[in-house]
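Text of the file my_file.txt, holding compact mmCIF, C-alpha atoms and all ligand atoms:
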```txt
# COMPACT_ATOMS: atom_id res chain seq x y z
CA MET A 3 -32.39 -9.35 15.80
CA ALA A 4 -34.26 -10.92 12.89
CA ARG A 5 -30.93 -11.74 11.24
CA LEU A 6 -29.59 -13.28 14.45
CA ARG A 7 -32.72 -15.40 14.80
CA LYS A 8 -32.39 -16.51 11.16
CA ALA A 9 -28.71 -17.40 11.71
CA ALA A 10 -29.61 -19.42 14.83
CA ARG A 11 -32.38 -21.22 12.91
CA MET A 12 -29.94 -22.09 10.11
CA TRP A 13 -27.44 -23.42 12.66
CA ARG A 14 -30.02 -25.74 14.22
CA ASP A 15 -30.39 -27.52 10.86
CA PRO A 16 -28.02 -30.59 11.01
CA GLU A 17 -27.59 -30.61 7.21
CA LYS A 18 -26.44 -26.98 7.18
CA ARG A 19 -24.09 -27.62 10.12
CA ALA A 20 -22.54 -30.57 8.29
CA LEU A 21 -22.17 -28.39 5.18
CA ALA A 22 -20.45 -25.62 7.12
CA ALA A 23 -18.10 -28.13 8.81
CA ARG A 24 -16.42 -28.64 5.42
CA VAL A 25 -14.91 -25.15 5.54
CA LEU A 26 -14.88 -24.18 9.23
CA VAL A 27 -11.52 -24.22 10.98
CA ALA A 28 -11.93 -26.12 14.29
CA GLU A 29 -12.39 -23.84 17.32
CA ASP A 30 -12.42 -26.36 20.12
CA GLY A 31 -9.63 -28.82 19.56
CA PRO A 32 -6.16 -29.20 18.12
CA LEU A 33 -6.11 -28.19 14.47
CA TYR A 34 -3.62 -30.95 13.76
CA ALA A 35 -3.21 -34.21 15.63
CA ASP A 36 0.53 -33.67 16.04
CA GLY A 37 0.68 -29.87 16.13
CA PRO A 38 -0.04 -27.01 18.51
CA LEU A 39 -3.56 -25.61 18.77
CA TYR A 40 -2.44 -22.07 18.26
CA ALA A 41 -0.61 -22.35 14.96
CA ILE A 42 -2.12 -22.35 11.51
CA ASP A 43 -0.16 -24.22 8.90
CA PRO A 44 -1.64 -23.03 5.59
CA GLU A 45 -0.17 -25.93 3.64
CA ARG A 46 -1.90 -28.49 5.88
CA LEU A 47 -5.11 -26.50 6.07
CA PHE A 48 -5.51 -26.45 2.29
CA GLY A 49 -3.54 -29.58 1.41
CA ARG A 50 -1.28 -27.72 -0.99
CA ARG A 51 1.21 -24.85 -1.18
CA ALA A 52 -0.38 -21.77 -2.81
CA PRO A 53 -0.37 -18.00 -2.19
CA LEU A 54 -2.58 -17.28 0.84
CA GLU A 55 -4.88 -14.26 1.26
CA VAL A 56 -6.94 -13.44 4.36
CA GLU A 57 -9.96 -11.23 4.92
CA LEU A 58 -10.20 -9.98 8.51
CA GLY A 59 -13.76 -9.25 9.67
CA ALA A 60 -15.26 -10.86 6.58
CA GLY A 61 -18.92 -10.48 7.63
CA ARG A 62 -21.24 -12.64 5.53
CA GLY A 63 -18.54 -13.14 2.91
CA ASP A 64 -19.97 -11.13 -0.01
CA PHE A 65 -16.47 -10.13 -1.08
CA ILE A 66 -14.30 -13.14 -0.27
CA ILE A 67 -16.60 -15.84 -1.68
CA GLU A 68 -16.72 -14.27 -5.15
CA TYR A 69 -13.06 -13.25 -5.02
CA ALA A 70 -11.94 -16.77 -4.11
CA ALA A 71 -14.21 -18.33 -6.75
CA GLN A 72 -12.43 -16.27 -9.42
CA ARG A 73 -8.94 -17.25 -8.17
CA PRO A 74 -8.77 -21.06 -7.84
CA GLU A 75 -4.96 -20.94 -7.94
CA ARG A 76 -4.83 -19.03 -4.61
CA ASP A 77 -6.04 -19.95 -1.10
CA PHE A 78 -8.25 -17.76 1.11
CA LEU A 79 -8.98 -17.65 4.83
CA ALA A 80 -12.02 -15.62 5.90
CA VAL A 81 -11.91 -14.57 9.57
CA GLU A 82 -14.99 -13.43 11.45
CA LEU A 83 -15.40 -12.86 15.19
CA ALA A 84 -19.19 -12.99 15.60
CA ALA A 85 -20.23 -16.66 15.83
CA SER A 86 -23.65 -16.18 14.21
CA VAL A 87 -22.14 -14.24 11.29
CA ALA A 88 -19.25 -16.73 10.88
CA ARG A 89 -21.74 -19.59 10.67
CA VAL A 90 -23.74 -17.92 7.92
CA LEU A 91 -20.47 -17.14 6.13
CA ALA A 92 -19.38 -20.80 6.42
CA ILE A 93 -22.71 -22.09 5.09
CA ARG A 94 -22.60 -19.66 2.16
CA ALA A 95 -18.95 -20.51 1.40
CA ALA A 96 -19.57 -24.27 1.60
CA ARG A 97 -22.58 -23.99 -0.72
CA ARG A 98 -20.25 -22.58 -3.38
CA GLY A 99 -18.17 -25.77 -3.05
CA LEU A 100 -14.85 -23.93 -3.18
CA ASP A 101 -11.73 -25.94 -2.27
CA ASN A 102 -9.65 -22.80 -1.78
CA LEU A 103 -11.69 -21.01 0.94
CA ARG A 104 -11.80 -21.72 4.70
CA VAL A 105 -13.60 -19.84 7.46
CA ALA A 106 -12.15 -19.22 10.92
CA ARG A 107 -14.41 -18.01 13.74
CA MET A 108 -11.92 -16.05 15.79
CA ASP A 109 -10.55 -12.65 16.66
CA ALA A 110 -8.44 -11.46 13.73
CA ARG A 111 -5.93 -10.05 16.21
CA THR A 112 -5.30 -13.54 17.63
CA LEU A 113 -4.79 -14.92 14.16
CA VAL A 114 -2.33 -12.21 13.15
CA ASN A 115 -0.55 -11.86 16.50
CA LEU A 116 -0.15 -15.53 17.36
CA MET A 117 -1.27 -18.04 14.76
CA LEU A 118 0.09 -17.17 11.33
CA PRO A 119 3.66 -18.03 10.43
CA ALA A 120 5.98 -15.14 9.52
CA ARG A 121 5.86 -14.14 5.82
CA SER A 122 2.88 -16.46 5.15
CA LEU A 123 0.42 -14.01 3.55
CA SER A 124 0.41 -12.70 0.01
CA ALA A 125 -2.52 -10.36 0.72
CA CYS A 126 -4.67 -9.11 3.58
CA HIS A 127 -8.09 -7.50 3.07
CA VAL A 128 -9.81 -5.41 5.76
CA TYR A 129 -13.07 -3.78 4.72
CA PHE A 130 -15.10 -1.59 7.06
CA PRO A 131 -13.73 -2.79 10.39
CA ASP A 132 -15.97 -1.66 13.26
CA PRO A 133 -14.83 1.93 14.03
CA TRP A 134 -15.90 1.98 17.74
CA LEU A 135 -16.36 5.73 17.69
CA THR A 136 -16.33 6.68 21.37
CA LEU A 137 -12.99 7.00 23.12
CA SER A 138 -13.84 4.44 25.80
CA GLN A 139 -14.74 1.82 23.14
CA GLN A 140 -11.71 2.33 20.93
CA LYS A 141 -9.82 -0.46 22.69
CA HIS A 142 -12.07 -2.86 20.76
CA ARG A 143 -10.74 -1.68 17.40
CA MET A 144 -8.94 -4.26 15.31
CA PHE A 145 -6.24 -1.80 14.30
CA SER A 146 -3.56 -0.46 16.63
CA PRO A 147 0.09 0.37 15.92
CA GLY A 148 1.09 -2.97 17.50
CA PHE A 149 -1.40 -4.87 15.34
CA ALA A 150 -0.03 -3.16 12.21
CA ARG A 151 3.54 -4.18 13.18
CA ARG A 152 2.51 -7.79 13.74
CA LEU A 153 0.58 -7.79 10.47
CA ARG A 154 3.78 -6.67 8.75
CA ARG A 155 5.55 -9.70 10.27
CA VAL A 156 3.18 -12.19 8.58
CA LEU A 157 3.35 -10.58 5.12
CA ALA A 158 5.45 -12.29 2.45
CA PRO A 159 7.78 -10.25 0.24
CA GLY A 160 5.62 -8.41 -2.33
CA ALA A 161 2.42 -8.86 -0.28
CA MET A 162 -0.41 -6.32 -0.36
CA VAL A 163 -2.74 -4.95 2.34
CA HIS A 164 -6.09 -3.50 1.21
CA VAL A 165 -8.13 -1.39 3.63
CA ALA A 166 -11.42 0.55 3.43
CA SER A 167 -13.60 2.46 5.86
CA ASP A 168 -16.54 4.83 5.67
CA VAL A 169 -15.16 6.71 8.71
CA GLU A 170 -12.51 9.09 7.37
CA PRO A 171 -10.54 9.63 10.63
CA TYR A 172 -10.33 5.88 11.30
CA ALA A 173 -9.28 5.27 7.69
CA GLY A 174 -6.55 7.90 8.07
CA GLU A 175 -5.36 6.33 11.33
CA MET A 176 -5.18 2.85 9.77
CA PHE A 177 -3.27 4.18 6.77
CA ALA A 178 -0.79 5.95 9.09
CA MET A 179 -0.35 2.81 11.24
CA LEU A 180 0.40 0.69 8.18
CA GLU A 181 2.95 3.23 6.93
CA GLY A 182 4.36 3.41 10.46
CA ALA A 183 4.84 -0.38 10.32
CA GLY A 184 6.97 0.03 7.20
CA LEU A 185 4.42 -0.54 4.44
CA ARG A 186 4.34 1.69 1.36
CA ARG A 187 1.07 3.14 0.03
CA VAL A 188 0.64 2.20 -3.63
CA ASN A 189 -1.62 3.36 -6.41
CA ALA A 190 -3.88 0.29 -6.59
CA ALA A 191 -7.59 -0.14 -5.92
CA ALA A 192 -8.69 -2.07 -2.83
CA PRO A 193 -10.74 -4.83 -4.53
CA GLY A 194 -13.36 -5.15 -1.79
CA ALA A 195 -13.99 -1.45 -1.18
CA HIS A 196 -17.13 -1.59 -3.34
CA ALA A 197 -17.62 -5.37 -3.44
CA SER A 198 -17.96 -6.31 0.24
CA GLY A 199 -21.43 -6.27 1.83
CA PHE A 200 -20.87 -2.86 3.42
CA GLY A 201 -19.00 -1.57 0.36
CA ARG A 202 -21.96 -2.40 -1.88
CA LYS A 203 -24.40 -0.81 0.55
CA TYR A 204 -22.38 2.42 0.74
CA LEU A 205 -21.96 2.50 -3.04
CA ALA A 206 -25.73 2.20 -3.48
CA GLN A 207 -26.26 5.00 -0.93
CA GLY A 208 -23.66 7.24 -2.60
CA LYS A 209 -21.73 7.37 0.69
CA ALA A 210 -18.01 8.23 0.64
CA VAL A 211 -15.57 5.35 1.13
CA PHE A 212 -11.92 5.88 2.06
CA SER A 213 -9.73 3.06 0.80
CA ALA A 214 -6.06 2.45 0.11
CA SER A 215 -3.63 -0.33 -0.73
CA PHE A 216 -0.18 -0.91 0.74
CA ALA A 217 2.77 -3.03 -0.28
CA VAL A 218 5.67 -4.47 1.65
CA ALA A 219 8.30 -1.78 1.14
C1 LIG B 301 -18.86 -3.50 9.69
S1 LIG B 301 -18.72 -5.21 9.46
C2 LIG B 301 -17.96 -5.34 7.83
C3 LIG B 301 -18.10 -6.73 7.25
C4 LIG B 301 -17.46 -6.90 5.86
N1 LIG B 301 -16.03 -6.70 5.91
C5 LIG B 301 -18.09 -5.98 4.87
O1 LIG B 301 -17.41 -5.04 4.41
O2 LIG B 301 -19.26 -6.19 4.51
C6 LIG B 301 -17.36 -5.62 10.53
C7 LIG B 301 -17.23 -7.11 10.77
O3 LIG B 301 -16.02 -7.36 11.47
C8 LIG B 301 -16.27 -8.32 12.49
N2 LIG B 301 -15.24 -8.10 13.51
C9 LIG B 301 -15.17 -7.09 14.42
N3 LIG B 301 -14.07 -7.20 15.16
C10 LIG B 301 -13.40 -8.30 14.71
C11 LIG B 301 -12.19 -8.96 15.09
N4 LIG B 301 -11.43 -8.47 16.06
N5 LIG B 301 -11.83 -10.08 14.41
C12 LIG B 301 -12.61 -10.58 13.42
N6 LIG B 301 -13.76 -10.01 13.02
C13 LIG B 301 -14.15 -8.89 13.64
C14 LIG B 301 -17.67 -8.01 12.95
O4 LIG B 301 -18.26 -9.11 13.61
C15 LIG B 301 -18.36 -7.67 11.63
O5 LIG B 301 -18.88 -8.83 11.00
```

With the file now loaded, output its structure as structure tokens.
Amino acid sequence: MARLRKAARMWRDPEKRALAARVLVAEDGPLYADGPLYAIDPERLFGRRAPLEVELGAGRGDFIIEYAAQRPERDFLAVELAASVARVLAIRAARRGLDNLRVARMDARTLVNLMLPARSLSACHVYFPDPWLTLSQQKHRMFSPGFARRLRRVLAPGAMVHVASDVEPYAGEMFAMLEGAGLRRVNAAAPGAHASGFGRKYLAQGKAVFSASFAVA
């Protein structure tokens, strides 16, 4: 609650809202004057053609902000569903003054299922997606076999998917869904598994993290 109140306070500050507007993808109007609302054109969003990586469920951006800062030659889209969290993420990202990072407040499933062009991503990062542990809540999970298939559709040749969870059964299910969608598990570290906000917390607590990386087969 305290965090939510702090986020709301930050959002009431006109200067911080103006700052965040530099990186926030518009939610309430056409993205492009002459284009459909529901398509993202990475080249127009960033004003250049560069490899595009997304983080789905980016939280406060601990991973993606640093990762993008170290890779100015690539573009990054951070996607976060919770409005209050996305706003904090946008303010933090804008403060870093990065030209290669944008924030979209939306459901990652909408982005992947409907908005990204086929073969547009060179990497996708998903760190500690909400596991929704009870059976009746599992419909809220980001990952499903259908989601994994549609994610495969938007991956470019040679693209990577990096996934981590602290919940071993959910991690195993996500890994199986990605393999079921035709991706190949590879021997590479998931870069955010210990660098995202939750990853750092679990590392400090000595809690087990189950992570894997996948490539387009
Ligand atoms: C457990 S947190 C992990 C945040 C971050 N990845 C990290 O490792 O620190 C999960 C985040 O995913 C967001 N989220 C949940 N479902 C989502 C969805 N369908 N699309 C986008 N974000 C989602 C939540 O709001 C929350 O911020």

Build an axis-aligned box that encloses every atom of range 197-206 of chain A listed in the file, pad it by 8 Å on each side, and report its centre and edge lengths in Å to one decimal, as AutoDock Vina command-line options.
```
--center_x -21.7 --center_y -1.9 --center_z 0.0 --size_x 24.1 --size_y 24.8 --size_z 22.9
```

Next on the checklist: Quick one: residues within 12 Å of Phe78 in chain A, all atoms listed in the file, excluding same-chain residues fewer than 2 positions away - as a count of residues only?
Outcome noted: 42

Item to check | Nearest candidate to ligand LIG 301 (chain B) (options A:Arg151, A:Arg50, A:Arg97, A:Lys141; using only C-alpha atoms and all ligand atoms) | outcome: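 Once distances to ligand LIG 301 (chain B) are computed over only C-alpha atoms and all ligand atoms, the minimum belongs to A:Lys141.
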
Item to check | Interatomic distance (Å, one decimal) between CA of Ile42 in chain A and CA of Tyr129 in chain A | outcome: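 CA of Tyr129 in chain A lies at a distance of 22.6 Å from CA of Ile42 in chain A.
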
Checklist entry - Quick one, how far is CA of Val188 in chain A from CA of His164 in chain A? => result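 So the two atoms, CA of Val188 in chain A and CA of His164 in chain A, lie 10.1 Å apart.
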
Checklist entry - Do you know which residues are within 8 Å of ligand LIG 301 (chain B) using only C-alpha atoms and all ligand atoms? Can you write them as JSON, numbers by chain? => result {"A": [57, 58, 59, 60, 61, 62, 63, 64, 65, 81, 82, 83, 84, 87, 88, 107, 108, 109, 110, 111, 128, 129, 130, 131, 132, 142, 143, 144, 194, 195, 197, 198, 199, 200, 201, 202]}

Next on the checklist: I'd like the interatomic distance between CA of Leu180 in chain A and CA of Ala150 in chain A, to a tenth of an Å.
Outcome noted: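 Between CA of Leu180 in chain A and CA of Ala150 in chain A the gap is 5.6 Å.
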
Checklist entry - A:Arg46, A:Arg5, A:Lys18, A:Arg121: which is nearest Ala96 in chain A, counting all atoms listed in the file? => result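 Residue with the minimum atom-to-atom distance to Ala96 in chain A: A:Lys18.
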
Closest atom pairs, range 34-146 of chain A residues within 8 Å of range 7-12 of chain A, all atoms listed in the file, as a tab-separated table:
```
residue	atom	partner	partner_atom	distance
A:Ser86	CA	A:Ala9	CA	5.8
A:Val87	CA	A:Ala9	CA	7.3
A:Arg89	CA	A:Ala9	CA	7.4
A:Val90	CA	A:Ala9	CA	6.3
```
